[in-house]
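One structure below.
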Amino acid sequence: MIRVAVNGYGVIGRRVADAVAAQEDMQIVGVVKTKPDYKARLAVEKGFKIYASDDKSSEAFRKAGYQVSGVGKDLVKEAEIVVDACPEDVGARNKATYEQLGKKAIFQGGEEHDVAGVSFVAQCDFDQAVGKRYARVVSCNTTGLCRVLNAVDKAYGIQKARVILARRAADPEESSKGPIDAVVLDPVTLPSHHGADVMTVLPHINVVSMAYKVPTTHMHLHSLIVSLKDGGATEDGVKEAFEGTTRLLLFEGKEGFKSTAQVMDYARELKRSRSDLFEVAVWKDSIKIVDGELCLFAGVHQEAIVVPENVDAIRALHGGYSASDSIRTTNKSLGIIK
Ligand SMILES: NC(=O)c1ccc[n+]([C@@H]2O[C@H](COP(=O)([O-])OP(=O)(O)OC[C@H]3O[C@@H](n4cnc5c(N)ncnc54)[C@H](OP(=O)(O)O)[C@@H]3O)[C@@H](O)[C@H]2O)c1
């Protein structure tokens, strides 16, 4: 059993903890929170040991009637591998502790590539992370783009990709975030960081991106225009390549999938925990090749897509697993059909 600690039990940490607990070769040794709020209660109800982030937080837990098992550093000592799911930049600060205690760690997409040195999407570069000390599971947007672009690149070769991202403004629980009634250019100065981030995983693909935030909480929507190397590429060939790609599902507008809302409605019927859609959603009937350029729409359930990646990253850092074995095992445990 690989002993895993989850440092940060929020949107991503909660999901990763459940996914790790569902693996036959892994166990959760504990989770770290700063506040004794309802998420701490949920962790206790699930049987996870809670650790406070530091002594001050420990005192807050004590006052709220919680028994904590120690502070974050104590948990790190107990673990073989830490999944750091703290907010942006906190992970980078935590690295000194992992380094000091000689523990392997997985960081999330809010951290820079250099924090880990390996940026990870299982089906693209699992082997790069095998046996390494650190890996960074890239952001939800980058994960979705990498799965799609890697499949197209393997089938036909990519000359360059141009991507526009309509980003969800906030996660569903974030009631204090906006915008409520605006489309926010994020950033105004182009390009956005997403293209460069894809290139931390797929450095040979030239990707330029633009992004804006829209008032929705459930998915990001990507519009892609991809120049292909192979002049013989066909739309059916692209669809076939996607059918054979793991963690990528095709949805058809003619079946009623007209927006992200119907995709999330479908996800609810999958009866997965929290209605999570771990797969990137590609609109099959958006796939068109015009003048050697492939155009398509893809959607990303931001809270869920990186969850299987974290599980595979644990196996990669641990060593002793092939990419295909890990992906197959993770998929089966999470109910991912292909
Ligand atoms: N949300 C997404 O859609 C999404 C998607 C992909 C990747 N990511 C990335 O995943 C990472 C985590 O994001 P998130 O959305 O899960 O954040 P989140 O919901 O805000 O959760 C962060 C968690 O970290 C805990 N925390 C804060 N400071 C801490 C500290 N100093 N030590 C230990 N724990 C601490 C918080 O505890 P308390 O609740 O007790 O304060 C909370 O449980 C970020 O790098 C983000 O960019 C997020």
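By order in the structure tokens, chains are A, B, ...; within a chain, residues start at 1; ligands start at 1, following the order shown.
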
Kindly provide, as a PyMOL selection string, all nucleotide and amino acid residues lying within 6 Å of ligand 1, counting only C-alpha atoms and all ligand atoms.
-> chain A and resi 7-13+32-35+53+85-88+90+108-111+139-140+302-303

Using N, CA and C atoms, can you write the selected residues to a file as a PDB file, in the first residue's frame?
ATOM      1  N   ASN A   7      -2.463  17.222   1.467  1.00  0.00           N
ATOM      2  CA  ASN A   7      -2.262  18.507   2.149  1.00  0.00           C
ATOM      3  C   ASN A   7      -3.139  19.548   1.462  1.00  0.00           C
ATOM      4  N   GLY A   8      -4.256  19.915   2.098  1.00  0.00           N
ATOM      5  CA  GLY A   8      -5.223  20.823   1.458  1.00  0.00           C
ATOM      6  C   GLY A   8      -6.437  20.019   1.057  1.00  0.00           C
ATOM      7  N   TYR A   9      -7.548  20.244   1.735  1.00  0.00           N
ATOM      8  CA  TYR A   9      -8.745  19.413   1.543  1.00  0.00           C
ATOM      9  C   TYR A   9      -9.875  20.310   1.045  1.00  0.00           C
ATOM     10  N   GLY A  10      -9.660  20.900  -0.155  1.00  0.00           N
ATOM     11  CA  GLY A  10     -10.668  21.775  -0.746  1.00  0.00           C
ATOM     12  C   GLY A  10     -11.294  21.106  -1.956  1.00  0.00           C
ATOM     13  N   VAL A  11     -11.508  21.879  -3.017  1.00  0.00           N
ATOM     14  CA  VAL A  11     -12.160  21.353  -4.224  1.00  0.00           C
ATOM     15  C   VAL A  11     -11.402  20.127  -4.752  1.00  0.00           C
ATOM     16  N   ILE A  12     -10.108  20.261  -4.908  1.00  0.00           N
ATOM     17  CA  ILE A  12      -9.314  19.180  -5.496  1.00  0.00           C
ATOM     18  C   ILE A  12      -8.928  18.143  -4.432  1.00  0.00           C
ATOM     19  N   GLY A  13      -8.456  18.605  -3.287  1.00  0.00           N
ATOM     20  CA  GLY A  13      -7.980  17.675  -2.255  1.00  0.00           C
ATOM     21  C   GLY A  13      -9.046  16.678  -1.814  1.00  0.00           C
ATOM     22  N   VAL A  32      -4.913  17.493   5.534  1.00  0.00           N
ATOM     23  CA  VAL A  32      -4.623  18.740   6.260  1.00  0.00           C
ATOM     24  C   VAL A  32      -5.634  19.809   5.885  1.00  0.00           C
ATOM     25  N   LYS A  33      -6.157  20.488   6.934  1.00  0.00           N
ATOM     26  CA  LYS A  33      -7.015  21.657   6.732  1.00  0.00           C
ATOM     27  C   LYS A  33      -6.535  22.774   7.633  1.00  0.00           C
ATOM     28  N   THR A  34      -6.918  24.004   7.260  1.00  0.00           N
ATOM     29  CA  THR A  34      -6.575  25.129   8.143  1.00  0.00           C
ATOM     30  C   THR A  34      -7.733  25.437   9.091  1.00  0.00           C
ATOM     31  N   LYS A  35      -8.982  25.175   8.619  1.00  0.00           N
ATOM     32  CA  LYS A  35     -10.163  25.631   9.396  1.00  0.00           C
ATOM     33  C   LYS A  35     -11.074  24.466   9.773  1.00  0.00           C
ATOM     34  N   SER A  53      -3.095  22.735   9.878  1.00  0.00           N
ATOM     35  CA  SER A  53      -1.956  23.194   9.078  1.00  0.00           C
ATOM     36  C   SER A  53      -0.784  23.642   9.964  1.00  0.00           C
ATOM     37  N   ALA A  85      -2.579  19.876  -2.342  1.00  0.00           N
ATOM     38  CA  ALA A  85      -3.732  20.480  -3.023  1.00  0.00           C
ATOM     39  C   ALA A  85      -4.089  21.793  -2.328  1.00  0.00           C
ATOM     40  N   CYS A  86      -3.063  22.503  -1.909  1.00  0.00           N
ATOM     41  CA  CYS A  86      -3.249  23.818  -1.281  1.00  0.00           C
ATOM     42  C   CYS A  86      -3.453  24.872  -2.367  1.00  0.00           C
ATOM     43  N   PRO A  87      -3.920  26.056  -1.976  1.00  0.00           N
ATOM     44  CA  PRO A  87      -4.122  27.108  -2.983  1.00  0.00           C
ATOM     45  C   PRO A  87      -2.805  27.499  -3.646  1.00  0.00           C
ATOM     46  N   GLU A  88      -2.968  28.107  -4.834  1.00  0.00           N
ATOM     47  CA  GLU A  88      -1.840  28.605  -5.638  1.00  0.00           C
ATOM     48  C   GLU A  88      -0.747  29.223  -4.763  1.00  0.00           C
ATOM     49  N   VAL A  90       0.902  28.307  -2.293  1.00  0.00           N
ATOM     50  CA  VAL A  90       1.133  27.690  -0.973  1.00  0.00           C
ATOM     51  C   VAL A  90       1.927  26.393  -1.170  1.00  0.00           C
ATOM     52  N   GLN A 108      -0.105  20.917  -7.702  1.00  0.00           N
ATOM     53  CA  GLN A 108      -1.220  21.141  -8.631  1.00  0.00           C
ATOM     54  C   GLN A 108      -0.886  22.267  -9.611  1.00  0.00           C
ATOM     55  N   GLY A 109      -1.837  22.487 -10.510  1.00  0.00           N
ATOM     56  CA  GLY A 109      -1.621  23.436 -11.608  1.00  0.00           C
ATOM     57  C   GLY A 109      -1.477  24.886 -11.198  1.00  0.00           C
ATOM     58  N   GLY A 110      -1.835  25.229  -9.943  1.00  0.00           N
ATOM     59  CA  GLY A 110      -1.642  26.607  -9.485  1.00  0.00           C
ATOM     60  C   GLY A 110      -0.177  26.937  -9.262  1.00  0.00           C
ATOM     61  N   GLU A 111       0.663  25.898  -9.230  1.00  0.00           N
ATOM     62  CA  GLU A 111       2.104  26.122  -9.028  1.00  0.00           C
ATOM     63  C   GLU A 111       2.799  26.210 -10.390  1.00  0.00           C
ATOM     64  N   SER A 139      -2.989  22.189 -14.673  1.00  0.00           N
ATOM     65  CA  SER A 139      -4.326  22.708 -14.371  1.00  0.00           C
ATOM     66  C   SER A 139      -5.409  21.952 -15.149  1.00  0.00           C
ATOM     67  N   CYS A 140      -6.648  22.210 -14.788  1.00  0.00           N
ATOM     68  CA  CYS A 140      -7.776  21.577 -15.475  1.00  0.00           C
ATOM     69  C   CYS A 140      -7.788  21.930 -16.958  1.00  0.00           C
ATOM     70  N   GLN A 302     -13.962  21.435 -14.457  1.00  0.00           N
ATOM     71  CA  GLN A 302     -12.717  21.887 -13.814  1.00  0.00           C
ATOM     72  C   GLN A 302     -12.450  21.224 -12.475  1.00  0.00           C
ATOM     73  N   GLU A 303     -13.521  20.847 -11.768  1.00  0.00           N
ATOM     74  CA  GLU A 303     -13.301  20.275 -10.431  1.00  0.00           C
ATOM     75  C   GLU A 303     -12.825  18.823 -10.497  1.00  0.00           C
TER      76      GLU A 303
END

Exercise: Thr329 of chain A partners within 12 Å, only C-alpha atoms, chain neighbours under 3 positions left out, as a ChimeraX atom specification | /A:19-20,22-26,308-309,311-312,315,321-326,332-338

Selected residue, from A:Gly253, A:Ser227, A:Ser175, A:Gly244, that lies nearest to Pro215 of chain A when counting only C-alpha atoms |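 Using only C-alpha atoms, the shortest distance to Pro215 of chain A belongs to A:Ser175.
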
Fewer than 3 positions away in the same chain doesn't count, so skip those; otherwise give me all residues within 9 Å of Ala313 of chain A, counting only C-alpha atoms, as a list in words.
->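 Residues meeting the cut-off are Ile106, Phe120, Val121, Ala122, Phe126, Ala129, Val130, Ala135, Arg136, Val137, Pro308, Glu309, Asn310, Ala316, Leu317 and His318 of chain A.
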
Any idea what the distance is between atom CA of Asp54 of chain A and atom CA of Arg41 of chain A?
->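 Between atom CA of Asp54 of chain A and atom CA of Arg41 of chain A the gap works out to 18.2 Å.
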
Rounded to one decimal place, report the atom CA of Ala169 of chain A-atom CA of Ala211 of chain A distance in Å.
->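 Between atom CA of Ala169 of chain A and atom CA of Ala211 of chain A the gap works out to 11.4 Å.
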
For atom CA of Val282 of chain A and atom CA of Ala151 of chain A, determine how far apart the two atoms are, in Å to one decimal place.
->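 We find that atom CA of Val282 of chain A and atom CA of Ala151 of chain A lie 12.0 Å from each other.
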
Close residues, Gly178 of chain A itself excluded, 12 Å, only C-alpha atoms, min 2 positions apart in chain, as a ChimeraX atom specification | /A:167-176,180-184,213-217

What's the 12 Å shell around Val76 of chain A, counting only C-alpha atoms, without same-chain residues fewer than 3 positions away, as a ChimeraX atom specification?
-> /A:3-7,28-32,51-53,69-73,79-84,94-105

Output for the residues just chosen: N, CA and C atoms as a compact mmCIF listing (two decimals), in the first residue's frame:
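The resulting result-v1.txt:
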# COMPACT_ATOMS: atom_id res chain seq x y z
N ARG A 3 1.42 4.88 1.01
CA ARG A 3 0.83 5.75 2.04
C ARG A 3 0.82 7.20 1.54
N VAL A 4 -0.40 7.73 1.38
CA VAL A 4 -0.57 9.04 0.75
C VAL A 4 -1.17 10.04 1.73
N ALA A 5 -0.57 11.22 1.81
CA ALA A 5 -1.14 12.33 2.58
C ALA A 5 -1.72 13.34 1.61
N VAL A 6 -2.84 13.95 1.98
CA VAL A 6 -3.40 15.02 1.15
C VAL A 6 -3.32 16.32 1.94
N ASN A 7 -2.46 17.22 1.47
CA ASN A 7 -2.26 18.51 2.15
C ASN A 7 -3.14 19.55 1.46
N ILE A 28 -4.99 6.43 2.44
CA ILE A 28 -4.88 7.82 2.90
C ILE A 28 -4.44 7.78 4.37
N VAL A 29 -3.30 8.43 4.65
CA VAL A 29 -2.88 8.46 6.05
C VAL A 29 -3.45 9.67 6.79
N GLY A 30 -3.91 10.67 6.05
CA GLY A 30 -4.54 11.81 6.69
C GLY A 30 -4.66 12.98 5.73
N VAL A 31 -5.43 13.99 6.17
CA VAL A 31 -5.62 15.18 5.33
C VAL A 31 -5.38 16.43 6.19
N VAL A 32 -4.91 17.49 5.53
CA VAL A 32 -4.62 18.74 6.26
C VAL A 32 -5.63 19.81 5.89
N TYR A 51 -5.35 16.62 10.19
CA TYR A 51 -4.19 17.32 10.73
C TYR A 51 -4.41 18.82 10.49
N ALA A 52 -4.05 19.63 11.48
CA ALA A 52 -4.17 21.08 11.31
C ALA A 52 -2.93 21.59 10.57
N SER A 53 -3.09 22.73 9.88
CA SER A 53 -1.96 23.19 9.08
C SER A 53 -0.78 23.64 9.96
N SER A 69 -4.87 14.98 14.68
CA SER A 69 -3.80 13.99 14.92
C SER A 69 -2.43 14.62 14.94
N GLY A 70 -2.36 15.93 14.73
CA GLY A 70 -1.08 16.62 14.72
C GLY A 70 -1.15 17.79 13.76
N VAL A 71 0.02 18.30 13.38
CA VAL A 71 0.06 19.37 12.37
C VAL A 71 0.57 18.78 11.06
N GLY A 72 0.49 19.60 10.00
CA GLY A 72 0.83 19.12 8.66
C GLY A 72 2.15 18.37 8.59
N LYS A 73 3.14 18.92 9.28
CA LYS A 73 4.48 18.30 9.23
C LYS A 73 4.46 16.87 9.79
N ALA A 79 3.75 9.86 5.71
CA ALA A 79 3.39 9.50 4.33
C ALA A 79 4.62 9.13 3.50
N GLU A 80 4.35 8.36 2.42
CA GLU A 80 5.40 8.15 1.42
C GLU A 80 5.34 9.24 0.36
N ILE A 81 4.11 9.60 0.00
CA ILE A 81 3.90 10.59 -1.05
C ILE A 81 2.83 11.57 -0.57
N VAL A 82 3.10 12.87 -0.78
CA VAL A 82 2.13 13.89 -0.40
C VAL A 82 1.49 14.44 -1.68
N VAL A 83 0.16 14.51 -1.68
CA VAL A 83 -0.52 15.26 -2.74
C VAL A 83 -0.80 16.63 -2.14
N ASP A 84 -0.13 17.65 -2.67
CA ASP A 84 -0.32 19.01 -2.18
C ASP A 84 -1.44 19.65 -2.99
N ASN A 94 5.29 25.01 0.60
CA ASN A 94 5.34 23.73 1.35
C ASN A 94 6.48 22.84 0.91
N LYS A 95 7.03 23.12 -0.27
CA LYS A 95 8.06 22.22 -0.82
C LYS A 95 9.24 22.06 0.13
N ALA A 96 9.60 23.14 0.84
CA ALA A 96 10.75 23.07 1.76
C ALA A 96 10.55 21.96 2.80
N THR A 97 9.30 21.80 3.27
CA THR A 97 9.01 20.74 4.25
C THR A 97 9.20 19.35 3.63
N TYR A 98 8.68 19.19 2.40
CA TYR A 98 8.81 17.88 1.74
C TYR A 98 10.29 17.56 1.52
N GLU A 99 11.01 18.59 1.13
CA GLU A 99 12.45 18.45 0.85
C GLU A 99 13.16 18.02 2.15
N GLN A 100 12.86 18.77 3.20
CA GLN A 100 13.52 18.54 4.50
C GLN A 100 13.25 17.12 5.02
N LEU A 101 12.01 16.65 4.81
CA LEU A 101 11.64 15.33 5.33
C LEU A 101 11.88 14.21 4.30
N GLY A 102 12.42 14.59 3.14
CA GLY A 102 12.77 13.60 2.12
C GLY A 102 11.56 12.88 1.53
N LYS A 103 10.43 13.60 1.38
CA LYS A 103 9.22 12.96 0.87
C LYS A 103 8.93 13.37 -0.58
N LYS A 104 8.35 12.44 -1.30
CA LYS A 104 7.91 12.75 -2.66
C LYS A 104 6.62 13.56 -2.60
N ALA A 105 6.43 14.43 -3.58
CA ALA A 105 5.22 15.26 -3.54
C ALA A 105 4.70 15.56 -4.94

Considering only C-alpha atoms, return as a list in words whatever protein or nucleic-acid residues lie within 8 Å of Leu202 of chain A, sequence-local ones (same chain, fewer than 4 positions apart) excluded.
->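 Near neighbours after the sequence-gap exclusion: Cys124, Cys146, Asn150 and Val198 of chain A.
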
Convert the current residue selection to file output with C-alpha atoms, as a PDB file, in the first residue's frame.
ATOM      1  CA  CYS A 124       1.031  12.213 -22.486  1.00  0.00           C
ATOM      2  CA  CYS A 146      -3.208  18.130 -23.600  1.00  0.00           C
ATOM      3  CA  ASN A 150      -1.917  14.794 -27.963  1.00  0.00           C
ATOM      4  CA  VAL A 198       0.444  23.012 -22.488  1.00  0.00           C
TER       5      VAL A 198
END

Assign secondary structure with DSSP using the backbone only, and return the residues of segment 76-310 of chain A in alpha helix (DSSP H) as a short mmCIF file (atom, residue, chain, number, x, y, z; two decimals) with N, CA and C atoms, in the first residue's frame.
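Ended up saving to out-v1.cif:
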data_model
loop_
_atom_site.label_atom_id
_atom_site.label_comp_id
_atom_site.auth_asym_id
_atom_site.auth_seq_id
_atom_site.Cartn_x
_atom_site.Cartn_y
_atom_site.Cartn_z
N VAL A 76 3.11 14.65 7.08
CA VAL A 76 4.09 14.42 6.00
C VAL A 76 5.07 13.32 6.42
N LYS A 77 5.45 13.31 7.68
CA LYS A 77 6.39 12.28 8.18
C LYS A 77 5.80 10.88 8.01
N GLU A 78 4.46 10.76 8.18
CA GLU A 78 3.78 9.46 8.11
C GLU A 78 3.63 8.93 6.69
N VAL A 90 0.90 28.31 -2.29
CA VAL A 90 1.13 27.69 -0.97
C VAL A 90 1.93 26.39 -1.17
N GLY A 91 1.60 25.68 -2.25
CA GLY A 91 2.33 24.43 -2.55
C GLY A 91 3.82 24.68 -2.68
N ALA A 92 4.17 25.75 -3.39
CA ALA A 92 5.60 26.06 -3.58
C ALA A 92 6.26 26.31 -2.23
N ARG A 93 5.53 26.97 -1.32
CA ARG A 93 6.10 27.24 0.01
C ARG A 93 6.24 25.94 0.82
N ASN A 94 5.29 25.01 0.60
CA ASN A 94 5.34 23.73 1.35
C ASN A 94 6.48 22.84 0.91
N LYS A 95 7.03 23.12 -0.27
CA LYS A 95 8.06 22.22 -0.82
C LYS A 95 9.24 22.06 0.13
N ALA A 96 9.60 23.14 0.84
CA ALA A 96 10.75 23.07 1.76
C ALA A 96 10.55 21.96 2.80
N THR A 97 9.30 21.80 3.27
CA THR A 97 9.01 20.74 4.25
C THR A 97 9.20 19.35 3.63
N TYR A 98 8.68 19.19 2.40
CA TYR A 98 8.81 17.88 1.74
C TYR A 98 10.29 17.56 1.52
N GLU A 99 11.01 18.59 1.13
CA GLU A 99 12.45 18.45 0.85
C GLU A 99 13.16 18.02 2.15
N GLN A 100 12.86 18.77 3.20
CA GLN A 100 13.52 18.54 4.50
C GLN A 100 13.25 17.12 5.02
N LEU A 101 12.01 16.65 4.81
CA LEU A 101 11.64 15.33 5.33
C LEU A 101 11.88 14.21 4.30
N HIS A 113 5.70 25.38 -13.21
CA HIS A 113 6.36 24.14 -13.65
C HIS A 113 7.64 23.87 -12.86
N ASP A 114 8.41 24.95 -12.60
CA ASP A 114 9.73 24.77 -11.97
C ASP A 114 9.65 24.23 -10.54
N VAL A 115 8.50 24.38 -9.90
CA VAL A 115 8.37 23.87 -8.53
C VAL A 115 8.61 22.35 -8.52
N ALA A 116 8.14 21.68 -9.57
CA ALA A 116 8.28 20.22 -9.63
C ALA A 116 9.31 19.77 -10.66
N ALA A 122 -1.17 12.01 -17.51
CA ALA A 122 -0.80 10.59 -17.57
C ALA A 122 -0.64 10.06 -18.99
N GLN A 123 -1.61 10.35 -19.86
CA GLN A 123 -1.55 9.73 -21.18
C GLN A 123 -0.53 10.39 -22.10
N CYS A 124 0.04 11.52 -21.65
CA CYS A 124 1.03 12.21 -22.49
C CYS A 124 2.46 11.93 -22.03
N ASP A 125 2.73 11.98 -20.73
CA ASP A 125 4.13 11.91 -20.30
C ASP A 125 4.33 11.20 -18.96
N PHE A 126 3.56 10.14 -18.72
CA PHE A 126 3.69 9.37 -17.47
C PHE A 126 5.15 9.02 -17.20
N ASP A 127 5.86 8.55 -18.25
CA ASP A 127 7.22 8.03 -18.05
C ASP A 127 8.20 9.09 -17.56
N GLN A 128 7.92 10.36 -17.89
CA GLN A 128 8.80 11.45 -17.43
C GLN A 128 8.84 11.53 -15.91
N ALA A 129 7.75 11.10 -15.27
CA ALA A 129 7.63 11.26 -13.82
C ALA A 129 8.04 10.02 -13.04
N CYS A 140 -6.65 22.21 -14.79
CA CYS A 140 -7.78 21.58 -15.47
C CYS A 140 -7.79 21.93 -16.96
N ASN A 141 -7.58 23.21 -17.29
CA ASN A 141 -7.56 23.62 -18.69
C ASN A 141 -6.42 22.95 -19.45
N THR A 142 -5.25 22.94 -18.84
CA THR A 142 -4.09 22.36 -19.52
C THR A 142 -4.28 20.85 -19.70
N THR A 143 -4.85 20.19 -18.70
CA THR A 143 -5.09 18.74 -18.81
C THR A 143 -6.02 18.45 -19.99
N GLY A 144 -7.12 19.20 -20.08
CA GLY A 144 -8.07 18.97 -21.18
C GLY A 144 -7.41 19.21 -22.53
N LEU A 145 -6.70 20.33 -22.65
CA LEU A 145 -6.04 20.65 -23.92
C LEU A 145 -5.01 19.59 -24.29
N CYS A 146 -4.25 19.13 -23.31
CA CYS A 146 -3.21 18.13 -23.60
C CYS A 146 -3.82 16.82 -24.12
N ARG A 147 -4.93 16.39 -23.48
CA ARG A 147 -5.54 15.13 -23.95
C ARG A 147 -5.99 15.25 -25.41
N VAL A 148 -6.61 16.38 -25.74
CA VAL A 148 -7.13 16.57 -27.10
C VAL A 148 -5.97 16.72 -28.09
N LEU A 149 -5.05 17.61 -27.78
CA LEU A 149 -3.97 17.91 -28.74
C LEU A 149 -3.05 16.71 -28.92
N ASN A 150 -2.79 15.97 -27.85
CA ASN A 150 -1.92 14.79 -27.96
C ASN A 150 -2.54 13.76 -28.91
N ALA A 151 -3.85 13.58 -28.81
CA ALA A 151 -4.53 12.61 -29.69
C ALA A 151 -4.43 13.05 -31.15
N VAL A 152 -4.65 14.34 -31.39
CA VAL A 152 -4.59 14.85 -32.77
C VAL A 152 -3.15 14.77 -33.28
N ASP A 153 -2.20 15.12 -32.43
CA ASP A 153 -0.79 15.11 -32.83
C ASP A 153 -0.34 13.70 -33.20
N LYS A 154 -0.77 12.72 -32.41
CA LYS A 154 -0.38 11.33 -32.70
C LYS A 154 -0.96 10.88 -34.03
N ALA A 155 -2.19 11.33 -34.32
CA ALA A 155 -2.86 10.88 -35.54
C ALA A 155 -2.32 11.59 -36.79
N TYR A 156 -2.13 12.91 -36.70
CA TYR A 156 -1.84 13.67 -37.92
C TYR A 156 -0.67 14.65 -37.82
N HIS A 194 -2.13 29.77 -20.84
CA HIS A 194 -2.53 28.37 -21.03
C HIS A 194 -1.73 27.65 -22.13
N GLY A 195 -1.48 28.38 -23.24
CA GLY A 195 -0.72 27.76 -24.33
C GLY A 195 0.67 27.36 -23.87
N ALA A 196 1.34 28.29 -23.19
CA ALA A 196 2.69 27.99 -22.69
C ALA A 196 2.64 26.84 -21.69
N ASP A 197 1.55 26.76 -20.93
CA ASP A 197 1.46 25.68 -19.95
C ASP A 197 1.32 24.31 -20.64
N VAL A 198 0.55 24.27 -21.73
CA VAL A 198 0.44 23.01 -22.49
C VAL A 198 1.84 22.58 -22.94
N GLU A 235 -12.06 14.34 -41.16
CA GLU A 235 -12.87 14.50 -39.95
C GLU A 235 -13.17 13.13 -39.32
N ASP A 236 -13.47 12.14 -40.17
CA ASP A 236 -13.73 10.80 -39.62
C ASP A 236 -12.49 10.25 -38.93
N GLY A 237 -11.32 10.56 -39.50
CA GLY A 237 -10.07 10.09 -38.90
C GLY A 237 -9.86 10.72 -37.53
N VAL A 238 -10.19 12.01 -37.40
CA VAL A 238 -10.05 12.68 -36.09
C VAL A 238 -11.02 12.05 -35.10
N LYS A 239 -12.25 11.83 -35.54
CA LYS A 239 -13.26 11.22 -34.64
C LYS A 239 -12.79 9.84 -34.18
N GLU A 240 -12.24 9.07 -35.13
CA GLU A 240 -11.74 7.73 -34.79
C GLU A 240 -10.60 7.83 -33.76
N ALA A 241 -9.72 8.80 -33.98
CA ALA A 241 -8.60 8.98 -33.03
C ALA A 241 -9.14 9.30 -31.64
N PHE A 242 -10.18 10.14 -31.57
CA PHE A 242 -10.76 10.49 -30.27
C PHE A 242 -11.47 9.29 -29.63
N GLU A 243 -12.15 8.49 -30.49
CA GLU A 243 -12.84 7.29 -29.95
C GLU A 243 -11.83 6.39 -29.24
N THR A 260 -22.70 23.42 -22.14
CA THR A 260 -22.08 22.72 -21.02
C THR A 260 -23.16 22.19 -20.04
N ALA A 261 -24.31 22.85 -20.01
CA ALA A 261 -25.37 22.44 -19.07
C ALA A 261 -25.83 21.01 -19.32
N GLN A 262 -26.00 20.64 -20.61
CA GLN A 262 -26.47 19.28 -20.90
C GLN A 262 -25.36 18.26 -20.61
N VAL A 263 -24.10 18.66 -20.80
CA VAL A 263 -23.00 17.73 -20.50
C VAL A 263 -22.99 17.44 -19.00
N MET A 264 -23.15 18.49 -18.18
CA MET A 264 -23.17 18.27 -16.73
C MET A 264 -24.43 17.51 -16.31
N ASP A 265 -25.54 17.72 -17.03
CA ASP A 265 -26.76 16.97 -16.74
C ASP A 265 -26.53 15.48 -17.00
N TYR A 266 -25.83 15.17 -18.11
CA TYR A 266 -25.47 13.80 -18.44
C TYR A 266 -24.56 13.22 -17.34
N ALA A 267 -23.59 14.05 -16.91
CA ALA A 267 -22.64 13.57 -15.89
C ALA A 267 -23.38 13.17 -14.60
N ARG A 268 -24.45 13.89 -14.29
CA ARG A 268 -25.22 13.53 -13.08
C ARG A 268 -25.79 12.12 -13.17
N GLU A 269 -26.11 11.70 -14.40
CA GLU A 269 -26.71 10.38 -14.60
C GLU A 269 -25.68 9.26 -14.52
N VAL A 307 -8.43 14.72 -11.24
CA VAL A 307 -8.46 13.71 -10.17
C VAL A 307 -7.76 12.41 -10.60
N PRO A 308 -8.14 11.81 -11.76
CA PRO A 308 -7.41 10.60 -12.16
C PRO A 308 -5.93 10.86 -12.41
N GLU A 309 -5.60 12.07 -12.83
CA GLU A 309 -4.18 12.40 -13.08
C GLU A 309 -3.38 12.35 -11.78
N ASN A 310 -3.98 12.82 -10.68
CA ASN A 310 -3.27 12.77 -9.39
C ASN A 310 -3.02 11.33 -8.97
#

Excluding same-chain residues fewer than 2 positions from Gly292 of chain A, what lies within 8 Å of it counting only C-alpha atoms, as a PyMOL selection string?
-> chain A and resi 227-228+231+233+289-290+294

Give the strand (DSSP E) residues of segment 133-312 of chain A, as DSSP finds them on the backbone, and put them as number ranges by chain.
-> A: 134-137, 158-168, 184-185, 207-214, 220-228, 248-251, 280-283, 288-290, 293-300
